[in-house]
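Novice: Contents of query00.cif (mmCIF, C-alpha atoms):
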```cif
data_data
#
loop_
_atom_site.label_atom_id
_atom_site.label_comp_id
_atom_site.auth_asym_id
_atom_site.auth_seq_id
_atom_site.Cartn_x
_atom_site.Cartn_y
_atom_site.Cartn_z
CA MET A 1 59.99 177.47 65.73
CA ASN A 2 62.89 176.28 67.74
CA HIS A 3 62.51 174.43 70.98
CA ARG A 4 58.77 173.93 70.46
CA ARG A 5 56.80 172.61 73.43
CA ILE A 6 55.29 169.20 72.61
CA PRO A 7 51.83 168.14 73.91
CA PRO A 8 51.53 164.67 75.50
CA ARG A 9 49.89 163.15 72.43
CA LYS A 10 52.93 163.79 70.25
CA ALA A 11 56.13 161.77 70.22
CA VAL A 12 59.51 163.39 70.62
CA LEU A 13 62.53 162.66 68.46
CA ALA A 14 65.58 163.98 70.28
CA GLY A 15 68.66 164.78 68.23
CA ALA A 16 72.02 163.51 69.32
CA ALA A 17 74.59 166.04 70.37
CA VAL A 18 77.63 166.32 68.15
CA VAL A 19 80.75 165.07 69.87
CA ALA A 20 84.09 166.63 68.99
CA LEU A 21 87.14 164.44 69.38
CA ALA A 22 90.50 165.93 70.28
CA ALA A 23 93.55 164.18 68.88
CA ALA A 24 95.87 162.63 71.44
CA ALA A 25 99.63 162.81 71.00
CA VAL A 26 101.47 159.50 71.15
CA VAL A 27 104.99 159.52 72.57
CA LEU A 28 107.17 156.66 71.35
CA PRO A 29 109.95 155.52 73.70
CA ASN A 30 113.48 155.34 72.25
CA ALA A 31 115.55 152.17 72.32
CA SER A 32 117.12 152.89 75.71
CA ALA A 33 113.94 153.97 77.52
CA SER A 34 112.55 151.72 80.21
CA PRO A 35 108.86 150.83 80.53
CA GLU A 36 108.79 152.95 83.72
CA ALA A 37 110.02 156.13 81.98
CA ALA A 38 108.55 159.33 83.42
CA PRO A 39 105.72 160.96 81.42
CA PRO A 40 106.55 164.08 79.41
CA ALA A 41 106.32 167.45 81.13
CA PRO A 42 102.80 168.97 81.01
CA GLY A 43 102.19 171.48 78.24
CA PRO A 44 99.41 172.90 76.05
CA ARG A 45 96.71 170.35 75.27
CA GLN A 46 94.18 170.12 72.47
CA LEU A 47 90.67 170.70 73.83
CA THR A 48 87.13 170.66 72.51
CA PRO A 49 85.43 174.08 72.67
CA LEU A 50 83.27 172.93 75.58
CA ALA A 51 86.26 171.58 77.52
CA ALA A 52 88.08 174.86 76.87
CA SER A 53 85.11 176.82 78.21
CA GLU A 54 85.00 174.77 81.39
CA LEU A 55 88.77 175.11 81.90
CA ALA A 56 88.58 178.87 81.31
CA SER A 57 85.93 179.19 84.03
CA ARG A 58 88.11 177.35 86.54
CA LEU A 59 91.25 179.33 85.71
CA THR A 60 89.45 182.66 86.14
CA ALA A 61 89.22 181.97 89.88
CA THR A 62 92.72 180.45 90.05
CA LEU A 63 94.49 183.46 88.52
CA GLY A 64 92.59 186.17 90.38
CA GLY A 65 93.88 189.67 89.69
CA ASP A 66 96.53 188.40 87.26
CA HIS A 67 93.88 187.10 84.86
CA GLY A 68 93.75 188.95 81.54
CA GLY A 69 90.95 186.95 79.90
CA SER A 70 91.08 183.89 77.67
CA TYR A 71 90.05 182.71 74.22
CA TYR A 72 89.84 179.53 72.15
CA ASP A 73 92.38 179.09 69.33
CA VAL A 74 90.28 177.18 66.80
CA ASP A 75 93.18 176.24 64.49
CA ARG A 76 95.28 174.74 67.28
CA GLN A 77 92.30 173.61 69.40
CA GLN A 78 93.89 175.20 72.46
CA LEU A 79 92.79 177.54 75.22
CA VAL A 80 94.91 180.70 75.39
CA VAL A 81 94.96 182.38 78.80
CA ASN A 82 96.20 185.96 79.22
CA VAL A 83 98.15 186.85 82.37
CA VAL A 84 99.78 190.08 83.51
CA ARG A 85 102.44 188.19 85.47
CA ALA A 86 103.88 184.87 84.31
CA ASP A 87 106.01 183.77 87.22
CA ASP A 88 103.78 182.88 90.17
CA ALA A 89 102.35 179.56 91.37
CA ALA A 90 98.84 180.24 90.03
CA VAL A 91 100.19 180.79 86.53
CA GLN A 92 102.22 177.60 86.75
CA GLU A 93 99.07 175.74 87.77
CA ALA A 94 97.27 177.21 84.76
CA ARG A 95 100.11 176.10 82.50
CA GLU A 96 100.04 172.56 83.92
CA SER A 97 96.29 172.37 83.33
CA GLY A 98 96.94 172.40 79.57
CA ALA A 99 96.37 176.08 78.73
CA VAL A 100 98.66 178.25 76.61
CA ILE A 101 99.94 181.13 78.77
CA ARG A 102 100.26 184.55 77.10
CA GLY A 103 101.66 187.69 78.73
CA VAL A 104 99.57 190.86 78.30
CA ASP A 105 99.48 194.45 79.61
CA HIS A 106 95.92 194.63 80.97
CA SER A 107 94.08 192.45 83.47
CA ILE A 108 90.38 191.73 83.12
CA ASN A 109 89.72 193.89 86.17
CA GLN A 110 91.51 196.83 84.52
CA LEU A 111 89.47 196.40 81.33
CA LYS A 112 86.24 196.16 83.35
CA ARG A 113 87.09 199.41 85.13
CA ALA A 114 87.69 201.01 81.74
CA SER A 115 84.29 199.72 80.61
CA GLY A 116 82.78 201.43 83.64
CA GLU A 117 84.37 204.72 82.57
CA LEU A 118 82.84 204.31 79.12
CA LYS A 119 79.42 203.82 80.73
CA GLU A 120 79.85 207.11 82.60
CA ARG A 121 81.15 209.09 79.62
CA ALA A 122 79.73 207.44 76.50
CA THR A 123 76.33 205.86 77.16
CA ILE A 124 75.09 206.84 73.72
CA PRO A 125 72.31 205.02 71.81
CA GLY A 126 73.88 203.08 68.96
CA THR A 127 77.10 202.18 70.77
CA SER A 128 78.42 199.04 72.45
CA TRP A 129 81.62 197.78 74.02
CA ALA A 130 82.98 194.40 75.02
CA VAL A 131 86.22 192.95 76.33
CA ASP A 132 88.26 191.36 73.51
CA PRO A 133 90.90 189.04 75.02
CA VAL A 134 92.51 188.39 71.62
CA THR A 135 93.70 192.01 71.40
CA ASN A 136 93.65 192.57 75.20
CA ARG A 137 91.53 195.66 74.56
CA ILE A 138 87.95 196.87 74.75
CA ARG A 139 86.24 196.67 71.37
CA VAL A 140 83.95 199.69 70.98
CA THR A 141 81.35 199.62 68.19
CA ALA A 142 79.30 202.54 66.86
CA ASP A 143 76.38 202.05 64.50
CA ARG A 144 75.47 204.38 61.64
CA THR A 145 73.33 206.65 63.87
CA VAL A 146 76.36 207.80 65.90
CA THR A 147 77.42 211.01 64.13
CA GLY A 148 78.27 214.62 64.87
CA GLU A 149 78.49 215.54 68.55
CA ARG A 150 77.75 211.97 69.65
CA TRP A 151 80.68 210.65 67.59
CA ASP A 152 82.94 213.35 69.02
CA ARG A 153 81.84 212.44 72.54
CA LEU A 154 82.57 208.76 71.91
CA THR A 155 86.02 209.35 70.44
CA ARG A 156 86.95 211.61 73.37
CA ALA A 157 85.87 208.97 75.86
CA VAL A 158 87.88 206.24 74.12
CA ALA A 159 90.95 208.45 73.79
CA GLY A 160 90.74 209.23 77.50
CA LEU A 161 91.27 205.55 78.32
CA GLY A 162 94.71 205.48 76.67
CA ASP A 163 96.01 204.32 73.29
CA SER A 164 96.28 200.62 74.14
CA VAL A 165 93.02 200.17 76.10
CA ALA A 166 90.22 200.48 73.52
CA ARG A 167 89.57 200.77 69.80
CA ILE A 168 86.51 201.92 67.82
CA GLU A 169 84.84 200.01 64.99
CA ARG A 170 81.93 201.04 62.78
CA SER A 171 78.77 199.00 62.18
CA THR A 172 76.75 199.75 59.05
CA GLY A 173 73.41 198.85 60.67
CA GLU A 174 71.55 200.10 63.75
CA PHE A 175 71.51 198.44 67.17
CA ALA A 176 68.03 197.27 68.13
CA PRO A 177 66.36 194.32 69.86
CA PHE A 178 65.36 191.64 67.34
CA VAL A 179 61.58 191.57 67.80
CA GLU A 180 58.62 192.16 65.47
CA GLY A 181 55.03 191.09 64.88
CA GLY A 182 54.59 187.78 63.08
CA ASP A 183 55.29 184.07 63.58
CA ALA A 184 56.77 181.61 66.16
CA ILE A 185 55.87 182.51 69.77
CA PHE A 186 53.38 185.37 70.01
CA GLY A 187 52.64 187.95 72.66
CA GLY A 188 51.07 191.38 72.50
CA GLY A 189 51.38 191.54 68.72
CA SER A 190 55.10 190.76 68.87
CA ARG A 191 57.01 187.72 67.67
CA CYS A 192 60.00 186.20 69.41
CA SER A 193 61.70 182.81 69.65
CA LEU A 194 61.67 180.29 72.46
CA GLY A 195 65.09 179.74 74.02
CA PHE A 196 65.65 176.72 76.27
CA ASN A 197 63.27 174.59 78.29
CA VAL A 198 64.01 174.68 82.01
CA THR A 199 62.79 173.48 85.39
CA THR A 200 61.82 176.47 87.52
CA ARG A 201 62.68 177.11 91.16
CA GLU A 202 59.32 175.56 92.08
CA GLY A 203 60.01 172.38 90.10
CA THR A 204 57.55 173.21 87.31
CA PRO A 205 58.28 173.41 83.55
CA GLY A 206 59.17 176.71 81.89
CA PHE A 207 61.36 178.24 79.22
CA LEU A 208 63.85 181.08 78.85
CA THR A 209 63.54 183.87 76.31
CA ALA A 210 64.60 187.50 75.92
CA GLY A 211 63.59 190.05 78.52
CA HIS A 212 62.49 192.62 75.95
CA CYS A 213 60.01 190.04 74.64
CA ALA A 214 58.50 189.58 78.11
CA VAL A 215 58.26 193.34 78.59
CA ALA A 216 56.14 193.43 75.41
CA ALA A 217 53.59 190.85 76.62
CA ALA A 218 52.79 188.85 79.78
CA ARG A 219 51.37 185.76 77.97
CA TRP A 220 52.81 183.88 75.00
CA SER A 221 51.27 181.49 72.47
CA ASP A 222 52.58 179.16 69.78
CA ASP A 223 52.04 179.59 66.03
CA ASN A 224 48.74 177.68 66.27
CA GLY A 225 47.36 180.22 68.74
CA THR A 226 47.59 177.85 71.71
CA VAL A 227 48.62 179.67 74.89
CA LEU A 228 51.92 178.30 76.20
CA GLY A 229 52.29 180.18 79.45
CA SER A 230 52.82 183.40 81.36
CA VAL A 231 55.91 185.46 82.12
CA ARG A 232 57.18 184.80 85.65
CA ALA A 233 59.99 187.38 85.68
CA ALA A 234 61.95 189.55 83.27
CA THR A 235 64.78 192.06 83.07
CA PHE A 236 65.17 194.65 80.28
CA PRO A 237 66.91 197.04 80.04
CA GLY A 238 69.56 196.98 82.77
CA ALA A 239 71.67 194.06 83.98
CA GLY A 240 70.71 191.71 81.15
CA ASP A 241 67.99 190.80 78.67
CA LEU A 242 66.37 187.72 80.21
CA ALA A 243 62.93 186.31 80.95
CA LEU A 244 61.34 183.19 82.41
CA VAL A 245 57.99 181.96 81.10
CA GLY A 246 56.13 179.26 83.04
CA TYR A 247 54.11 176.70 81.07
CA ASP A 248 50.41 176.75 81.98
CA ASP A 249 50.21 172.95 81.71
CA PRO A 250 52.41 171.40 84.46
CA GLY A 251 52.36 168.09 82.61
CA VAL A 252 53.59 169.45 79.28
CA ARG A 253 56.36 167.51 77.56
CA ALA A 254 59.11 170.06 77.01
CA PRO A 255 62.23 168.22 75.83
CA SER A 256 65.68 169.61 76.48
CA SER A 257 66.65 169.95 72.82
CA VAL A 258 66.76 172.57 70.09
CA ASN A 259 64.77 171.99 66.92
CA THR A 260 67.17 172.98 64.12
CA GLY A 261 64.75 172.34 61.25
CA GLN A 262 64.28 169.62 58.63
CA GLY A 263 63.37 167.07 61.31
CA ARG A 264 66.67 167.49 63.15
CA SER A 265 67.43 168.56 66.70
CA VAL A 266 70.36 168.97 69.09
CA ALA A 267 70.03 167.57 72.60
CA ILE A 268 70.86 170.15 75.29
CA ASP A 269 72.30 168.60 78.46
CA ARG A 270 74.02 171.51 80.20
CA ALA A 271 74.72 175.24 80.27
CA ALA A 272 78.18 176.67 79.71
CA ASP A 273 79.90 180.05 79.82
CA ALA A 274 80.97 181.44 76.45
CA THR A 275 84.64 181.60 75.45
CA VAL A 276 85.94 184.08 72.88
CA GLY A 277 86.83 182.25 69.67
CA GLN A 278 84.54 179.28 70.15
CA SER A 279 82.13 178.20 67.40
CA VAL A 280 78.44 178.57 68.22
CA GLN A 281 75.08 178.05 66.55
CA ARG A 282 71.93 180.12 66.82
CA MET A 283 68.35 179.14 66.04
CA GLY A 284 65.64 181.73 65.40
CA SER A 285 62.09 181.84 64.12
CA THR A 286 62.98 184.26 61.31
CA THR A 287 66.33 183.12 59.93
CA GLY A 288 66.59 179.54 61.20
CA LEU A 289 69.95 177.96 62.00
CA ARG A 290 73.04 180.17 61.71
CA ASN A 291 76.69 179.71 62.71
CA GLY A 292 79.48 181.98 63.88
CA ARG A 293 81.96 182.69 66.67
CA VAL A 294 82.03 184.47 70.00
CA THR A 295 83.96 187.74 69.64
CA GLY A 296 83.59 189.43 73.04
CA LEU A 297 82.38 189.01 76.63
CA ASN A 298 80.79 191.24 79.26
CA ALA A 299 79.43 193.43 76.47
CA THR A 300 77.39 196.58 77.05
CA VAL A 301 75.00 197.71 74.30
CA ASN A 302 73.08 200.99 74.25
CA TYR A 303 69.73 200.25 72.60
CA PRO A 304 67.22 203.06 71.98
CA GLU A 305 65.16 201.51 74.82
CA GLY A 306 68.06 201.66 77.29
CA THR A 307 71.44 200.20 78.23
CA VAL A 308 71.92 196.45 78.69
CA SER A 309 75.10 195.00 80.19
CA GLY A 310 76.71 191.60 80.77
CA LEU A 311 76.11 190.25 77.25
CA ILE A 312 78.00 187.95 74.87
CA GLN A 313 79.08 189.53 71.56
CA THR A 314 79.25 187.41 68.36
CA ASP A 315 79.39 187.62 64.58
CA VAL A 316 76.36 185.31 64.17
CA CYS A 317 73.75 187.07 62.05
CA ALA A 318 70.19 187.59 63.29
CA GLU A 319 67.05 189.50 62.31
CA PRO A 320 63.80 190.71 63.92
CA GLY A 321 61.81 187.77 65.30
CA ASP A 322 64.96 185.85 66.30
CA SER A 323 64.93 187.46 69.77
CA GLY A 324 65.02 185.02 72.67
CA GLY A 325 66.20 182.14 70.50
CA PRO A 326 68.96 179.79 71.69
CA LEU A 327 72.71 180.16 71.20
CA PHE A 328 74.34 176.77 71.74
CA THR A 329 77.27 174.51 70.84
CA GLY A 330 77.30 171.39 68.69
CA GLU A 331 78.24 169.49 71.83
CA GLY A 332 74.86 170.27 73.36
CA ALA A 333 75.65 173.16 75.73
CA ALA A 334 73.24 176.08 76.18
CA VAL A 335 75.22 179.34 75.92
CA GLY A 336 72.95 182.33 75.28
CA LEU A 337 69.61 183.91 74.40
CA THR A 338 69.38 186.24 71.40
CA SER A 339 69.08 189.87 72.49
CA GLY A 340 69.74 192.19 69.53
CA GLY A 341 72.36 193.82 67.36
CA SER A 342 72.82 195.40 63.98
CA GLY A 343 72.80 194.15 60.39
CA ASN A 344 71.04 191.12 58.97
CA CYS A 345 71.72 187.68 57.49
CA THR A 346 72.46 189.12 54.06
CA SER A 347 75.15 191.64 54.96
CA GLY A 348 76.14 190.23 58.38
CA GLY A 349 76.48 192.29 61.53
CA VAL A 350 77.16 192.38 65.26
CA THR A 351 74.88 190.47 67.65
CA PHE A 352 74.48 190.21 71.41
CA PHE A 353 73.24 187.38 73.63
CA GLN A 354 72.18 187.03 77.25
CA PRO A 355 74.39 184.39 78.97
CA VAL A 356 72.29 181.37 79.94
CA THR A 357 74.32 180.66 83.09
CA THR A 358 73.46 184.13 84.40
CA ALA A 359 69.77 183.69 83.59
CA LEU A 360 69.62 180.30 85.34
CA ALA A 361 71.28 181.72 88.44
CA ALA A 362 68.93 184.73 88.50
CA PHE A 363 65.80 182.59 88.23
CA GLY A 364 66.97 179.61 90.32
CA ALA A 365 66.24 177.38 87.30
CA ARG A 366 68.06 174.52 85.61
CA ILE A 367 68.25 173.29 82.02
CA GLY A 368 65.59 170.73 81.08
CA ALA A 369 62.00 169.95 82.06
CA PRO A 370 60.93 168.21 85.30
CA ASN A 371 59.50 165.21 83.41
CA GLY A 372 62.92 163.63 82.89
CA ASN A 373 64.10 165.70 79.92
CA GLU A 374 66.43 167.91 81.90
CA GLY A 375 70.22 167.80 81.84
CA GLN A 376 73.01 168.82 84.17
CA GLN A 377 75.04 171.96 83.76
CA PRO A 378 77.88 173.75 85.51
CA GLY A 379 75.83 176.94 85.70
CA ASP A 380 73.41 175.72 88.39
CA PRO A 381 72.91 178.42 91.06
CA THR A 382 74.67 177.66 94.33
CA ASP A 383 71.66 178.77 96.33
CA PRO A 384 68.42 178.28 94.38
CA ALA A 385 66.35 179.40 97.38
CA SER A 386 67.87 182.89 97.39
CA PRO A 387 65.58 185.52 95.83
CA PRO A 388 67.03 187.57 92.96
CA ASN A 389 68.28 191.08 93.64
CA GLN A 390 65.28 193.23 92.85
CA GLU A 391 67.45 196.16 91.72
CA THR A 392 69.28 194.26 89.00
CA GLY A 393 67.54 190.88 88.94
CA PRO A 394 64.27 189.77 87.35
CA LEU A 395 61.19 191.92 87.80
CA PRO A 396 57.89 190.33 88.94
CA VAL A 397 55.43 190.44 86.05
CA ASP A 398 52.78 192.25 88.08
CA GLU A 399 55.08 195.29 88.29
CA GLU A 400 55.63 197.75 85.48
CA PRO A 401 59.27 197.31 84.31
CA ALA A 402 61.21 200.48 84.93
CA GLN A 403 62.89 201.95 81.87
CA ASP A 404 66.58 202.75 82.24
CA ASP A 405 67.27 206.42 81.69
CA ASP A 406 70.90 205.82 80.57
#
```
Kindly present the structure from the file in structure tokens form.
Specialist:
Amino acid sequence: MNHRRIPPRKAVLAGAAVVALAAAAVVLPNASASPEAAPPAPGPRQLTPLAASELASRLTATLGGDHGGSYYDVDRQQLVVNVVRADDAAVQEARESGAVIRGVDHSINQLKRASGELKERATIPGTSWAVDPVTNRIRVTADRTVTGERWDRLTRAVAGLGDSVARIERSTGEFAPFVEGGDAIFGGGSRCSLGFNVTTREGTPGFLTAGHCAVAAARWSDDNGTVLGSVRAATFPGAGDLALVGYDDPGVRAPSSVNTGQGRSVAIDRAADATVGQSVQRMGSTTGLRNGRVTGLNATVNYPEGTVSGLIQTDVCAEPGDSGGPLFTGEGAAVGLTSGGSGNCTSGGVTFFQPVTTALAAFGARIGAPNGNEGQQPGDPTDPASPPNQETGPLPVDEEPAQDDD
């Protein structure tokens, strides 16, 4: 089980985060250059995936309506930023920050509006869509259950957006949350995976997991049958798939690390927004440690239980029981919580994850436990005292979660 809570009597061996080193270019002066020669003009820089993610978050605000999304070029180790205009001061600032500037036809706002049209016209179980900045389009996926009239409805909706706005792909599996009875953390006869340890709004220890797990049961235990804690709040379906579980023991040692198996772990010291193209790792109670890349952002997936929006799309495989498990980087950044998808770890598939930064902001929580194992992260909420929006935010556990009719 990943991210296992550790009782006081047991020692903790924290794994070191992997540090990626970017190569630095060395400029040699020629024979006539003076020691005071001006530095070379700023241009694209090599960045680690985490540095690229942080830069992408800053440039989103800088570029405003001209922003067309961004992605990480793994081969060149560069952040590519899409813009619909390449001649204003904001774009020049983005260029000087070290990003590669790429002209595109569609802004992120335009693609989000198109996603909204798909929600109105094609909210069909077995479908999903996400913004793909590499192609500057919306990537629409249909699983094998989408046939006949439902397929015709989907193709009409996509065609109505225009030839260059969206494209349809087929998935051989079926979209479903990854949860089943069995091992790892238990609740109500279901099995899920623990995500990341956090400090709650009240300063007590807790952990994040998937919202559809918390809807299944209000209390969760470990694989020894020991009760870990109770669900504080959860959202599923709707604006995310997220849940906060509070540990019953306020003195529990809950280290900010992910157990990756074979006595190894990765220390988690922050949360970060996902960037398309970046390499990520996922840990789950069924399939263990798996690797892959982020392929889309702001994804909407239409599960049989309802529509969930605001997710990260990846090609990392997962299977039932992996739900709620952590998606993270080798540098020690928490990125997502496993929601669901199609396929398996034999044939591959499409998977979706709840962004950790969104979950932390919704719950007023921060990465790490209050006993000194927490880390810092750029996703801290700006106003932890503000209650979540009860229409789209977490639901109190003493209320029956409303099922989305979409």
Novice: List as an MDAnalysis selection string the protein and nucleic acid residues near A:Asn344, meaning an atom at most 6 Å away when all atoms listed in the file are counted, but skip any in the same chain fewer than 6 places from it.
Specialist: chainID A and resid 317:319
Novice: So, counting all atoms listed in the file, which residue among A:Gly116, A:Pro326, A:Gly368, A:Gly292 is closest to A:Val258?
Specialist: A:Pro326
Novice: Run the PyMOL selection byres ((chain A and resi 69) around 9) mentally over the shown coordinates, then write out the matched residues as a list in words, using the chain letters and numbers from the document.
Specialist: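 Matching residues under the PyMOL selection byres ((chain A and resi 69) around 9) are Ala56, Thr60, His67, Gly68, Ser70, Tyr71, Val80, Val81, Asn82, Val83, Ser107, Ile108, Val131, Asp132, Pro133, Val134 and Asn136 of chain A.
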Novice: Applied to the shown file, which residues does the PyMOL selection byres ((chain A and resi 51) around 12) return, written as an NGL selection string?
Specialist: :A and (19-22 or 45-50 or 52-58 or 72 or 77-79 or 97-99 or 272-275 or 278 or 329 or 331 or 333 or 378)
Novice: At a cut-off of 6 Å, using only C-alpha atoms, what residues contact A:Leu154? Leave out same-chain residues fewer than 3 positions from it and give the result as a ChimeraX atom specification.
Specialist: /A:122,151,157
Novice: Could those selected residues go to a file with C-alpha atoms, as a PDB file, in the frame of the given file?
Specialist:
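So the final result, stored in again-v2.pdb, reads:
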```
ATOM      1  CA  ALA A 122      79.730 207.440  76.500  1.00  0.00           C
ATOM      2  CA  TRP A 151      80.680 210.650  67.590  1.00  0.00           C
ATOM      3  CA  ALA A 157      85.870 208.970  75.860  1.00  0.00           C
TER       4      ALA A 157
END
```
Novice: Using all atoms listed in the file, determine which residues lie at most 6 Å from stretch 308-311 of chain A, disregarding the query and same-chain residues fewer than 4 positions distant; provide the list as a PyMOL selection string.
Specialist: chain A and resi 237-240+298-301+353-354
